[in-house]
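Note: the block below is my_file21.pdb and it holds PDB, C-alpha atoms.
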ATOM      1  CA  MET R   1      -6.083   7.889 -27.808  1.00  0.00           C
ATOM      2  CA  PRO R   2      -3.129   9.491 -29.667  1.00  0.00           C
ATOM      3  CA  PHE R   3       0.138   7.543 -29.505  1.00  0.00           C
ATOM      4  CA  GLN R   4       2.066  10.299 -27.693  1.00  0.00           C
ATOM      5  CA  ARG R   5      -0.555  10.499 -24.975  1.00  0.00           C
ATOM      6  CA  MET R   6      -0.521   6.710 -24.562  1.00  0.00           C
ATOM      7  CA  HIS R   7       3.273   6.867 -24.332  1.00  0.00           C
ATOM      8  CA  ASP R   8       3.118   9.606 -21.696  1.00  0.00           C
ATOM      9  CA  ILE R   9       0.772   7.503 -19.564  1.00  0.00           C
ATOM     10  CA  TYR R  10       2.630   4.230 -19.722  1.00  0.00           C
ATOM     11  CA  THR R  11       6.086   5.665 -19.136  1.00  0.00           C
ATOM     12  CA  LYS R  12       4.989   7.069 -15.791  1.00  0.00           C
ATOM     13  CA  THR R  13       6.199   5.137 -12.769  1.00  0.00           C
ATOM     14  CA  GLU R  14       3.678   3.667 -10.352  1.00  0.00           C
ATOM     15  CA  SER R  15       4.257   6.461  -7.824  1.00  0.00           C
ATOM     16  CA  ASP R  16       3.854   9.389 -10.230  1.00  0.00           C
ATOM     17  CA  ILE R  17       0.048   9.526 -10.086  1.00  0.00           C
ATOM     18  CA  HIS R  18      -2.114   8.613  -7.115  1.00  0.00           C
ATOM     19  CA  PHE R  19      -5.706   8.445  -5.977  1.00  0.00           C
ATOM     20  CA  ASP R  20      -5.317  11.898  -4.423  1.00  0.00           C
ATOM     21  CA  SER R  21      -4.176  13.651  -7.602  1.00  0.00           C
ATOM     22  CA  ASN R  22      -6.273  16.676  -8.450  1.00  0.00           C
ATOM     23  CA  GLU R  23      -9.050  16.448 -11.004  1.00  0.00           C
ATOM     24  CA  LEU R  24      -7.115  18.289 -13.715  1.00  0.00           C
ATOM     25  CA  ALA R  25      -4.212  15.844 -13.439  1.00  0.00           C
ATOM     26  CA  MET R  26      -6.564  12.879 -13.633  1.00  0.00           C
ATOM     27  CA  GLU R  27      -8.288  14.387 -16.665  1.00  0.00           C
ATOM     28  CA  ALA R  28      -4.949  14.881 -18.377  1.00  0.00           C
ATOM     29  CA  TYR R  29      -3.901  11.260 -17.888  1.00  0.00           C
ATOM     30  CA  PHE R  30      -7.132   9.351 -18.344  1.00  0.00           C
ATOM     31  CA  GLY R  31      -9.368  11.577 -20.443  1.00  0.00           C
ATOM     32  CA  ALA R  32     -12.229  11.468 -17.958  1.00  0.00           C
ATOM     33  CA  TYR R  33     -12.608  11.781 -14.232  1.00  0.00           C
ATOM     34  CA  ASP R  34     -15.335  10.662 -11.875  1.00  0.00           C
ATOM     35  CA  SER R  35     -15.344  11.383  -8.161  1.00  0.00           C
ATOM     36  CA  THR R  36     -15.676   7.654  -7.483  1.00  0.00           C
ATOM     37  CA  CYS R  37     -12.505   6.781  -9.401  1.00  0.00           C
ATOM     38  CA  TRP R  38      -9.369   5.736  -7.595  1.00  0.00           C
ATOM     39  CA  TYR R  39      -5.776   5.586  -8.782  1.00  0.00           C
ATOM     40  CA  GLU R  40      -2.873   4.125  -6.864  1.00  0.00           C
ATOM     41  CA  ASP R  41      -0.007   1.693  -7.424  1.00  0.00           C
ATOM     42  CA  GLY R  42      -0.707   1.251 -11.132  1.00  0.00           C
ATOM     43  CA  MET R  43      -4.484   0.717 -10.801  1.00  0.00           C
ATOM     44  CA  PHE R  44      -7.292   2.980 -12.019  1.00  0.00           C
ATOM     45  CA  ASN R  45     -10.507   1.662 -10.543  1.00  0.00           C
ATOM     46  CA  ARG R  46     -14.123   2.536  -9.774  1.00  0.00           C
ATOM     47  CA  ASN R  47     -14.978  -0.625  -7.827  1.00  0.00           C
ATOM     48  CA  TYR R  48     -15.717  -1.092  -4.139  1.00  0.00           C
ATOM     49  CA  ARG R  49     -12.670  -1.102  -1.864  1.00  0.00           C
ATOM     50  CA  ASP R  50     -13.215  -2.649   1.555  1.00  0.00           C
ATOM     51  CA  PHE R  51     -10.335  -0.696   3.081  1.00  0.00           C
ATOM     52  CA  SER R  52     -11.308   2.786   1.929  1.00  0.00           C
ATOM     53  CA  ASN R  53     -13.647   3.506   4.841  1.00  0.00           C
ATOM     54  CA  SER R  54     -11.831   1.435   7.450  1.00  0.00           C
ATOM     55  CA  ILE R  55     -10.406   3.550  10.255  1.00  0.00           C
ATOM     56  CA  ASP R  56      -8.287   0.734  11.691  1.00  0.00           C
ATOM     57  CA  PHE R  57      -6.858  -0.005   8.238  1.00  0.00           C
ATOM     58  CA  GLU R  58      -5.878   3.607   7.657  1.00  0.00           C
ATOM     59  CA  ASN R  59      -4.451   3.995  11.156  1.00  0.00           C
ATOM     60  CA  ALA R  60      -2.282   0.892  10.733  1.00  0.00           C
ATOM     61  CA  TYR R  61      -1.257   1.932   7.227  1.00  0.00           C
ATOM     62  CA  MET R  62      -0.243   5.445   8.257  1.00  0.00           C
ATOM     63  CA  SER R  63       1.616   4.020  11.240  1.00  0.00           C
ATOM     64  CA  ALA R  64       3.666   1.949   8.779  1.00  0.00           C
ATOM     65  CA  VAL R  65       4.251   5.034   6.621  1.00  0.00           C
ATOM     66  CA  LYS R  66       5.587   6.885   9.660  1.00  0.00           C
ATOM     67  CA  ASN R  67       7.565   4.068  11.261  1.00  0.00           C
ATOM     68  CA  ALA R  68       8.526   1.589   8.514  1.00  0.00           C
ATOM     69  CA  THR R  69       9.759   3.663   5.558  1.00  0.00           C
ATOM     70  CA  SER R  70      13.063   5.419   4.958  1.00  0.00           C
ATOM     71  CA  THR R  71      11.466   8.747   4.083  1.00  0.00           C
ATOM     72  CA  GLY R  72       8.184   8.858   5.997  1.00  0.00           C
ATOM     73  CA  ARG R  73       6.392   9.358   2.661  1.00  0.00           C
ATOM     74  CA  ASP R  74       3.320   7.397   1.624  1.00  0.00           C
ATOM     75  CA  PRO R  75       4.330   4.756  -0.977  1.00  0.00           C
ATOM     76  CA  HIS R  76       0.686   4.606  -2.131  1.00  0.00           C
ATOM     77  CA  ILE R  77       0.283   0.838  -1.978  1.00  0.00           C
ATOM     78  CA  ARG R  78      -2.940   0.443   0.002  1.00  0.00           C
ATOM     79  CA  TRP R  79      -4.546  -2.282  -2.128  1.00  0.00           C
ATOM     80  CA  ARG R  80      -1.280  -4.221  -2.223  1.00  0.00           C
ATOM     81  CA  ALA R  81      -1.007  -3.883   1.551  1.00  0.00           C
ATOM     82  CA  ARG R  82      -4.612  -5.026   1.995  1.00  0.00           C
ATOM     83  CA  THR R  83      -3.960  -8.095  -0.187  1.00  0.00           C
ATOM     84  CA  PHE R  84      -0.846  -8.916   1.832  1.00  0.00           C
ATOM     85  CA  GLU R  85      -2.696  -8.509   5.132  1.00  0.00           C
ATOM     86  CA  TYR R  86      -5.627 -10.666   3.992  1.00  0.00           C
ATOM     87  CA  PHE R  87      -3.514 -13.682   3.029  1.00  0.00           C
ATOM     88  CA  LEU R  88      -1.267 -13.295   6.045  1.00  0.00           C
ATOM     89  CA  ARG R  89      -4.294 -13.286   8.342  1.00  0.00           C
ATOM     90  CA  LYS R  90      -5.651 -16.416   6.613  1.00  0.00           C
ATOM     91  CA  SER R  91      -2.298 -18.118   7.285  1.00  0.00           C
ATOM     92  CA  LEU R  92      -2.366 -17.619  11.053  1.00  0.00           C
ATOM     93  CA  PRO R  93      -1.697 -19.145  13.454  1.00  0.00           C
ATOM     94  CA  GLY R  94       1.442 -20.426  11.803  1.00  0.00           C
ATOM     95  CA  ASN R  95       4.985 -19.706  10.709  1.00  0.00           C
ATOM     96  CA  CYS R  96       5.636 -16.979   8.175  1.00  0.00           C
ATOM     97  CA  ILE R  97       8.761 -15.845   6.344  1.00  0.00           C
ATOM     98  CA  GLU R  98       9.529 -12.766   4.295  1.00  0.00           C
ATOM     99  CA  ILE R  99      12.421 -12.740   1.836  1.00  0.00           C
ATOM    100  CA  GLY R 100      13.369  -9.130   1.141  1.00  0.00           C
ATOM    101  CA  THR R 101      11.978  -7.291   4.155  1.00  0.00           C
ATOM    102  CA  GLY R 102      13.646  -3.929   3.646  1.00  0.00           C
ATOM    103  CA  ASN R 103      12.126  -1.527   6.142  1.00  0.00           C
ATOM    104  CA  GLY R 104       9.393  -4.037   6.938  1.00  0.00           C
ATOM    105  CA  PHE R 105       6.482  -1.935   5.667  1.00  0.00           C
ATOM    106  CA  PHE R 106       4.064  -4.765   4.850  1.00  0.00           C
ATOM    107  CA  PHE R 107       4.530  -6.732   8.057  1.00  0.00           C
ATOM    108  CA  TYR R 108       4.579  -3.601  10.208  1.00  0.00           C
ATOM    109  CA  PHE R 109       1.266  -2.534   8.692  1.00  0.00           C
ATOM    110  CA  ALA R 110      -0.356  -5.971   8.959  1.00  0.00           C
ATOM    111  CA  LEU R 111       0.812  -6.713  12.494  1.00  0.00           C
ATOM    112  CA  SER R 112      -0.269  -3.221  13.589  1.00  0.00           C
ATOM    113  CA  ARG R 113      -3.757  -3.852  12.227  1.00  0.00           C
ATOM    114  CA  PHE R 114      -3.872  -7.265  13.897  1.00  0.00           C
ATOM    115  CA  VAL R 115      -2.980  -5.655  17.229  1.00  0.00           C
ATOM    116  CA  ILE R 116      -5.667  -2.995  16.738  1.00  0.00           C
ATOM    117  CA  ASN R 117      -8.166  -5.813  16.090  1.00  0.00           C
ATOM    118  CA  ASP R 118      -6.958  -7.819  19.146  1.00  0.00           C
ATOM    119  CA  PHE R 119      -5.899 -10.676  16.871  1.00  0.00           C
ATOM    120  CA  ASP R 120      -3.986 -13.366  18.772  1.00  0.00           C
ATOM    121  CA  LEU R 121      -0.391 -13.524  17.507  1.00  0.00           C
ATOM    122  CA  SER R 122       1.037 -15.489  20.421  1.00  0.00           C
ATOM    123  CA  THR R 123       1.246 -18.820  18.581  1.00  0.00           C
ATOM    124  CA  SER R 124       2.627 -17.469  15.303  1.00  0.00           C
ATOM    125  CA  ASN R 125       6.232 -16.789  14.263  1.00  0.00           C
ATOM    126  CA  PHE R 126       7.594 -14.267  11.769  1.00  0.00           C
ATOM    127  CA  ILE R 127      11.026 -14.508  10.140  1.00  0.00           C
ATOM    128  CA  PHE R 128      12.372 -11.504   8.222  1.00  0.00           C
ATOM    129  CA  VAL R 129      15.273 -12.117   5.829  1.00  0.00           C
ATOM    130  CA  ASP R 130      17.241  -9.359   4.105  1.00  0.00           C
ATOM    131  CA  LYS R 131      20.741  -7.982   3.707  1.00  0.00           C
ATOM    132  CA  PHE R 132      19.431  -4.941   5.635  1.00  0.00           C
ATOM    133  CA  ASP R 133      21.520  -2.253   3.982  1.00  0.00           C
ATOM    134  CA  GLN R 134      21.051   0.217   1.139  1.00  0.00           C
ATOM    135  CA  ASP R 135      23.477  -1.316  -1.368  1.00  0.00           C
ATOM    136  CA  SER R 136      21.846  -1.589  -4.796  1.00  0.00           C
ATOM    137  CA  VAL R 137      21.473  -4.972  -6.495  1.00  0.00           C
ATOM    138  CA  ASP R 138      21.265  -6.170 -10.072  1.00  0.00           C
ATOM    139  CA  ARG R 139      17.649  -6.929 -11.056  1.00  0.00           C
ATOM    140  CA  ILE R 140      18.566 -10.277 -12.586  1.00  0.00           C
ATOM    141  CA  SER R 141      21.483 -11.732 -10.632  1.00  0.00           C
ATOM    142  CA  GLY R 142      20.824 -10.064  -7.283  1.00  0.00           C
ATOM    143  CA  LYS R 143      24.531  -9.270  -6.991  1.00  0.00           C
ATOM    144  CA  ILE R 144      25.604  -6.079  -5.255  1.00  0.00           C
ATOM    145  CA  THR R 145      26.198  -3.209  -7.681  1.00  0.00           C
ATOM    146  CA  GLU R 146      27.529   0.304  -7.353  1.00  0.00           C
ATOM    147  CA  GLY R 147      25.263   2.905  -5.802  1.00  0.00           C
ATOM    148  CA  LYS R 148      22.695   3.026  -3.044  1.00  0.00           C
ATOM    149  CA  THR R 149      18.929   2.510  -2.930  1.00  0.00           C
ATOM    150  CA  PRO R 150      17.523   4.889  -0.292  1.00  0.00           C
ATOM    151  CA  GLN R 151      14.231   2.956  -0.079  1.00  0.00           C
ATOM    152  CA  TYR R 152      16.060  -0.021   1.458  1.00  0.00           C
ATOM    153  CA  ALA R 153      16.631  -0.372   5.202  1.00  0.00           C
ATOM    154  CA  GLU R 154      19.670   1.370   6.656  1.00  0.00           C
ATOM    155  CA  SER R 155      20.591  -1.446   9.034  1.00  0.00           C
ATOM    156  CA  ALA R 156      19.339  -4.616  10.701  1.00  0.00           C
ATOM    157  CA  SER R 157      19.421  -2.971  14.123  1.00  0.00           C
ATOM    158  CA  ILE R 158      16.979  -0.255  13.032  1.00  0.00           C
ATOM    159  CA  VAL R 159      14.512  -2.808  11.683  1.00  0.00           C
ATOM    160  CA  ARG R 160      14.970  -5.072  14.721  1.00  0.00           C
ATOM    161  CA  ASP R 161      14.144  -2.164  17.050  1.00  0.00           C
ATOM    162  CA  ARG R 162      11.128  -1.336  14.901  1.00  0.00           C
ATOM    163  CA  PHE R 163       9.614  -4.796  15.429  1.00  0.00           C
ATOM    164  CA  GLN R 164      10.338  -5.136  19.150  1.00  0.00           C
ATOM    165  CA  LYS R 165       6.749  -4.096  19.882  1.00  0.00           C
ATOM    166  CA  PHE R 166       5.523  -7.308  18.220  1.00  0.00           C
ATOM    167  CA  SER R 167       6.022 -10.775  19.657  1.00  0.00           C
ATOM    168  CA  ASN R 168       7.744 -13.719  17.937  1.00  0.00           C
ATOM    169  CA  THR R 169       9.611 -11.755  15.264  1.00  0.00           C
ATOM    170  CA  ARG R 170      13.123 -12.696  14.148  1.00  0.00           C
ATOM    171  CA  LEU R 171      15.544 -10.972  11.779  1.00  0.00           C
ATOM    172  CA  VAL R 172      18.029 -12.944   9.669  1.00  0.00           C
ATOM    173  CA  GLN R 173      20.679 -10.884   7.887  1.00  0.00           C
ATOM    174  CA  GLY R 174      22.414 -12.181   4.768  1.00  0.00           C
ATOM    175  CA  LEU R 175      22.235 -12.763   1.034  1.00  0.00           C
ATOM    176  CA  ILE R 176      20.022 -15.259  -0.781  1.00  0.00           C
ATOM    177  CA  PRO R 177      20.473 -18.178  -1.182  1.00  0.00           C
ATOM    178  CA  GLU R 178      23.492 -18.584   1.140  1.00  0.00           C
ATOM    179  CA  ILE R 179      21.777 -17.370   4.282  1.00  0.00           C
ATOM    180  CA  LEU R 180      18.843 -19.779   3.878  1.00  0.00           C
ATOM    181  CA  TYR R 181      21.213 -22.755   3.930  1.00  0.00           C
ATOM    182  CA  SER R 182      22.562 -21.607   7.283  1.00  0.00           C
ATOM    183  CA  ILE R 183      19.283 -21.360   9.210  1.00  0.00           C
ATOM    184  CA  GLN R 184      16.669 -23.860  10.275  1.00  0.00           C
ATOM    185  CA  ILE R 185      13.457 -23.196   8.360  1.00  0.00           C
ATOM    186  CA  PRO R 186      10.273 -24.370  10.103  1.00  0.00           C
ATOM    187  CA  GLU R 187       7.111 -25.663   8.471  1.00  0.00           C
ATOM    188  CA  LEU R 188       5.674 -22.569   6.806  1.00  0.00           C
ATOM    189  CA  ASN R 189       2.142 -21.265   6.298  1.00  0.00           C
ATOM    190  CA  PHE R 190       2.992 -18.053   4.441  1.00  0.00           C
ATOM    191  CA  ILE R 191       5.890 -16.912   2.257  1.00  0.00           C
ATOM    192  CA  HIS R 192       6.348 -13.343   1.019  1.00  0.00           C
ATOM    193  CA  ILE R 193       9.049 -12.700  -1.594  1.00  0.00           C
ATOM    194  CA  ASP R 194      10.124  -9.144  -2.428  1.00  0.00           C
ATOM    195  CA  LEU R 195      13.738  -9.072  -3.630  1.00  0.00           C
ATOM    196  CA  ASN R 196      13.348  -7.139  -6.899  1.00  0.00           C
ATOM    197  CA  ALA R 197      15.857  -9.563  -8.419  1.00  0.00           C
ATOM    198  CA  ALA R 198      15.048 -12.658 -10.476  1.00  0.00           C
ATOM    199  CA  ARG R 199      17.766 -15.188  -9.610  1.00  0.00           C
ATOM    200  CA  PRO R 200      17.662 -14.935  -5.797  1.00  0.00           C
ATOM    201  CA  GLU R 201      13.838 -14.970  -5.812  1.00  0.00           C
ATOM    202  CA  ILE R 202      13.896 -18.288  -7.663  1.00  0.00           C
ATOM    203  CA  ASP R 203      16.650 -19.636  -5.405  1.00  0.00           C
ATOM    204  CA  ALA R 204      14.623 -18.697  -2.327  1.00  0.00           C
ATOM    205  CA  LEU R 205      11.428 -20.272  -3.661  1.00  0.00           C
ATOM    206  CA  ILE R 206      13.161 -23.551  -4.533  1.00  0.00           C
ATOM    207  CA  ILE R 207      14.470 -23.778  -0.956  1.00  0.00           C
ATOM    208  CA  LEU R 208      11.261 -22.691   0.788  1.00  0.00           C
ATOM    209  CA  LEU R 209       8.560 -24.383  -1.274  1.00  0.00           C
ATOM    210  CA  PRO R 210       9.081 -27.862   0.272  1.00  0.00           C
ATOM    211  CA  GLN R 211       8.559 -26.297   3.720  1.00  0.00           C
ATOM    212  CA  LEU R 212       5.201 -24.749   2.795  1.00  0.00           C
ATOM    213  CA  VAL R 213       2.175 -26.626   4.110  1.00  0.00           C
ATOM    214  CA  ARG R 214      -0.503 -27.772   1.677  1.00  0.00           C
ATOM    215  CA  GLY R 215      -2.935 -24.893   1.278  1.00  0.00           C
ATOM    216  CA  GLY R 216      -0.238 -22.416   2.298  1.00  0.00           C
ATOM    217  CA  PHE R 217       0.186 -19.081   0.503  1.00  0.00           C
ATOM    218  CA  ILE R 218       3.074 -17.541  -1.412  1.00  0.00           C
ATOM    219  CA  LEU R 219       2.801 -13.880  -2.342  1.00  0.00           C
ATOM    220  CA  LEU R 220       5.231 -12.485  -4.923  1.00  0.00           C
ATOM    221  CA  ASP R 221       5.305  -8.726  -4.430  1.00  0.00           C
ATOM    222  CA  ASP R 222       6.710  -7.593  -7.795  1.00  0.00           C
ATOM    223  CA  TYR R 223       5.354 -10.291 -10.095  1.00  0.00           C
ATOM    224  CA  GLY R 224       3.284  -8.135 -12.454  1.00  0.00           C
ATOM    225  CA  PHE R 225       5.164  -4.852 -12.678  1.00  0.00           C
ATOM    226  CA  PRO R 226       6.793  -4.094 -16.065  1.00  0.00           C
ATOM    227  CA  GLU R 227      10.032  -2.943 -14.447  1.00  0.00           C
ATOM    228  CA  THR R 228      10.512  -6.370 -12.818  1.00  0.00           C
ATOM    229  CA  SER R 229       9.502  -8.479 -15.821  1.00  0.00           C
ATOM    230  CA  GLU R 230      12.704 -10.539 -15.507  1.00  0.00           C
ATOM    231  CA  SER R 231      11.437 -11.872 -12.185  1.00  0.00           C
ATOM    232  CA  ARG R 232       8.019 -12.700 -13.635  1.00  0.00           C
ATOM    233  CA  ILE R 233       9.545 -14.623 -16.520  1.00  0.00           C
ATOM    234  CA  ALA R 234      11.806 -16.555 -14.142  1.00  0.00           C
ATOM    235  CA  HIS R 235       8.865 -17.388 -11.857  1.00  0.00           C
ATOM    236  CA  ASP R 236       6.747 -18.532 -14.813  1.00  0.00           C
ATOM    237  CA  ILE R 237       9.517 -20.863 -15.972  1.00  0.00           C
ATOM    238  CA  LEU R 238       9.892 -22.381 -12.500  1.00  0.00           C
ATOM    239  CA  ALA R 239       6.119 -22.777 -12.151  1.00  0.00           C
ATOM    240  CA  SER R 240       5.925 -24.677 -15.451  1.00  0.00           C
ATOM    241  CA  GLN R 241       8.838 -26.903 -14.455  1.00  0.00           C
ATOM    242  CA  ILE R 242       7.543 -27.803 -10.994  1.00  0.00           C
ATOM    243  CA  GLY R 243       3.847 -27.768 -11.859  1.00  0.00           C
ATOM    244  CA  TYR R 244       2.011 -25.007 -10.023  1.00  0.00           C
ATOM    245  CA  GLU R 245       0.072 -21.944 -11.141  1.00  0.00           C
ATOM    246  CA  ILE R 246       0.662 -18.268 -10.394  1.00  0.00           C
ATOM    247  CA  LEU R 247      -2.376 -15.993 -10.279  1.00  0.00           C
ATOM    248  CA  SER R 248      -1.516 -12.477 -11.443  1.00  0.00           C
ATOM    249  CA  LEU R 249      -3.320  -9.892  -9.330  1.00  0.00           C
ATOM    250  CA  PRO R 250      -4.212  -6.341 -10.453  1.00  0.00           C
ATOM    251  CA  THR R 251      -2.064  -5.069  -7.583  1.00  0.00           C
ATOM    252  CA  GLY R 252       1.027  -6.384  -9.407  1.00  0.00           C
ATOM    253  CA  GLN R 253       1.419  -9.251  -6.949  1.00  0.00           C
ATOM    254  CA  GLY R 254       1.483 -12.920  -7.867  1.00  0.00           C
ATOM    255  CA  LEU R 255      -0.373 -15.475  -5.741  1.00  0.00           C
ATOM    256  CA  ILE R 256       0.530 -19.160  -5.360  1.00  0.00           C
ATOM    257  CA  ILE R 257      -1.519 -21.586  -3.281  1.00  0.00           C
ATOM    258  CA  LYS R 258       0.183 -24.916  -2.660  1.00  0.00           C
TER     259      LYS R 258
END

Could you render the structure as C-alpha cells?
Amino acid sequence: MPFQRMHDIYTKTESDIHFDSNELAMEAYFGAYDSTCWYEDGMFNRNYRDFSNSIDFENAYMSAVKNATSTGRDPHIRWRARTFEYFLRKSLPGNCIEIGTGNGFFFYFALSRFVINDFDLSTSNFIFVDKFDQDSVDRISGKITEGKTPQYAESASIVRDRFQKFSNTRLVQGLIPEILYSIQIPELNFIHIDLNAARPEIDALIILLPQLVRGGFILLDDYGFPETSESRIAHDILASQIGYEILSLPTGQGLIIK
C-alpha cells in the first residue's frame, strides 16, 4: 500500500469511518470491501459479532445514544459497549464504580439491557465519579485547561436525573484523587476507568485496587488508543511495579483481572 494512502488511513480518527459507510468509502480506505465486513471504533473485522443480530442489545444501545450523550449522535462504540456490559454482568451482584462517567453512556446502555432482560439489580450498587462539567483537561496531568469539551456532561444534576430510573445508583462529583479520599469506598467487584488523563487514572487505580475483590474486573476504556498513549504507558509502568497484567483488547480497552 503506498505510503500516502497508509498515512491517510491512520490519521483518521476513530469516528471518521464506521460500519455503515458506503461501499465506495470502504473501498477507498481498505482496498477491498466485502458485505460481511464491519468497521467501527477503530476495528475492521469479518468475524462473528454476538450483538449484531440482538434486538435487545440494539434497543438498549440506541436508548443510550438518545438519552446519555450530549449530541444524540451515535458514537459508534458497539463492541466496546458489549465488552463493558459483559464484564459488568459477570461482576453482579456486587459493588461497581466508574471513574470518569461523563454522560454515563456505558452504564446507561448496560443497565438498560439488564432491565430489558429482567436481570436482578436490587442487590448491586453503582457509584459514578466525575467532575460533571465540560471543562477540558490536560491528557497527562488531568488539570483543568482552557476550553470546553462538548462530549462531557453538562452538569451532575442532568446525569443524576438520567439515572433515576435505575435503582442503587449514586453520583459523586469532584476531581481525582481528592474526591476519592473524601468518600467511603465499599468492597468492589468492578471498576471502570475513563478519564482520558494519565495521572488521575493512575491515582484512582492505586486507591481503588485494594478494594477490588479477588477475581474482580478492571476495565480501562482508553488503554489502547493512540491518542491516549500517555495513559497506556502510565498504566503499564504501574502494572510492572505492582505485579499484575493488562490484556489489551481490540476494542482499545484494557482488561485487568485481580

(request) Evaluate the PyMOL selection byres ((chain R and resi 206) around 12) and record the selected residues as a count of residues only, following the chain and residue labels used in the document. (result) 25

(message) Take the PyMOL selection byres ((chain R and resi 216) around 12), run it mentally on this structure, and tell me the resulting residues as a VMD selection string.
(response) chain R and resid 87 to 97 187 to 192 208 to 215 217 to 219 255 to 258

(request) Determine the nearest neighbour of Ile127 of chain R from the options R:Leu220, R:Thr101, R:Arg170, R:Arg160, counting all atoms listed in the file. (result) R:Arg170

(message) Report, in Å with one decimal, the straight-line distance from atom CA of Arg82 of chain R to atom CA of Ser157 of chain R.
(response)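 Spanning atom CA of Arg82 of chain R to atom CA of Ser157 of chain R is a straight-line distance of 27.0 Å.
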
(message) One number please: atom CA of Leu111 of chain R to atom CA of Leu195 of chain R, in Å, one decimal.
(response) 20.8 Å

(message) Please expand the PyMOL selection byres ((chain R and resi 117) around 12) into the concrete residues it hits in this file, giving the result as a VMD selection string.
(response) chain R and resid 54 to 57 59 to 60 89 110 to 116 118 to 121

Where's the centre, and what are the edge lengths in Å to one decimal, of a box along x, y and z enclosing all listed atoms of segment 78-83 of chain R padded 3 Å per side, as AutoDock Vina command-line options?
--center_x -2.8 --center_y -3.8 --center_z -0.1 --size_x 9.6 --size_y 14.5 --size_z 10.2

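Across the structure, atom CA of Tyr61 of chain R and atom CA of Gly104 of chain R are spaced 12.2 Å apart.
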
(message) Given all atoms listed in the file as the basis, pick out the residue of R:Met62, R:Ile233, R:Ile99, R:Val159 nearest to Phe128 of chain R.
(response)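 So, comparing all the options, the nearest one is R:Ile99.
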
(message) For a quick check of understanding, using all atoms listed in the file, which of R:Asn196, R:Ser63, R:Ser70, R:Gln164 has the smallest distance to Arg139 of chain R?
(response)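 For Arg139 of chain R, the nearest of the given residues is R:Asn196.
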
(request) May I have the residues at most 6 Å from (8.9, -11.4, -7.6) in the file's coordinates, counting only C-alpha atoms, as a ChimeraX atom specification? (result) /R:194,220-223,231

(request) Give me the residues within 10 Å of Asn103 of chain R as an MDAnalysis selection string, counting all atoms listed in the file and dropping any in the same chain fewer than 3 places off. (result) chainID R and resid 64 67:70 100 106:108 130 132:133 151:156 158:160 162

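If you measure from each of R:Glu146, R:Trp38, R:Ile179, R:Leu171 to Ser52 of chain R using only C-alpha atoms, the closest one turns out to be R:Trp38.
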
(request) Have a look at R:Tyr39, R:Phe109, R:Gln173, R:Ser167 and name the one nearest to Glu85 of chain R; count only C-alpha atoms. (result) R:Phe109

(request) Skip Val65 of chain R itself and residues of its chain fewer than 4 positions away, then list as a ChimeraX atom specification all residues within 8 Å of it, counting all atoms listed in the file. (result) /R:61,69,72-75,105
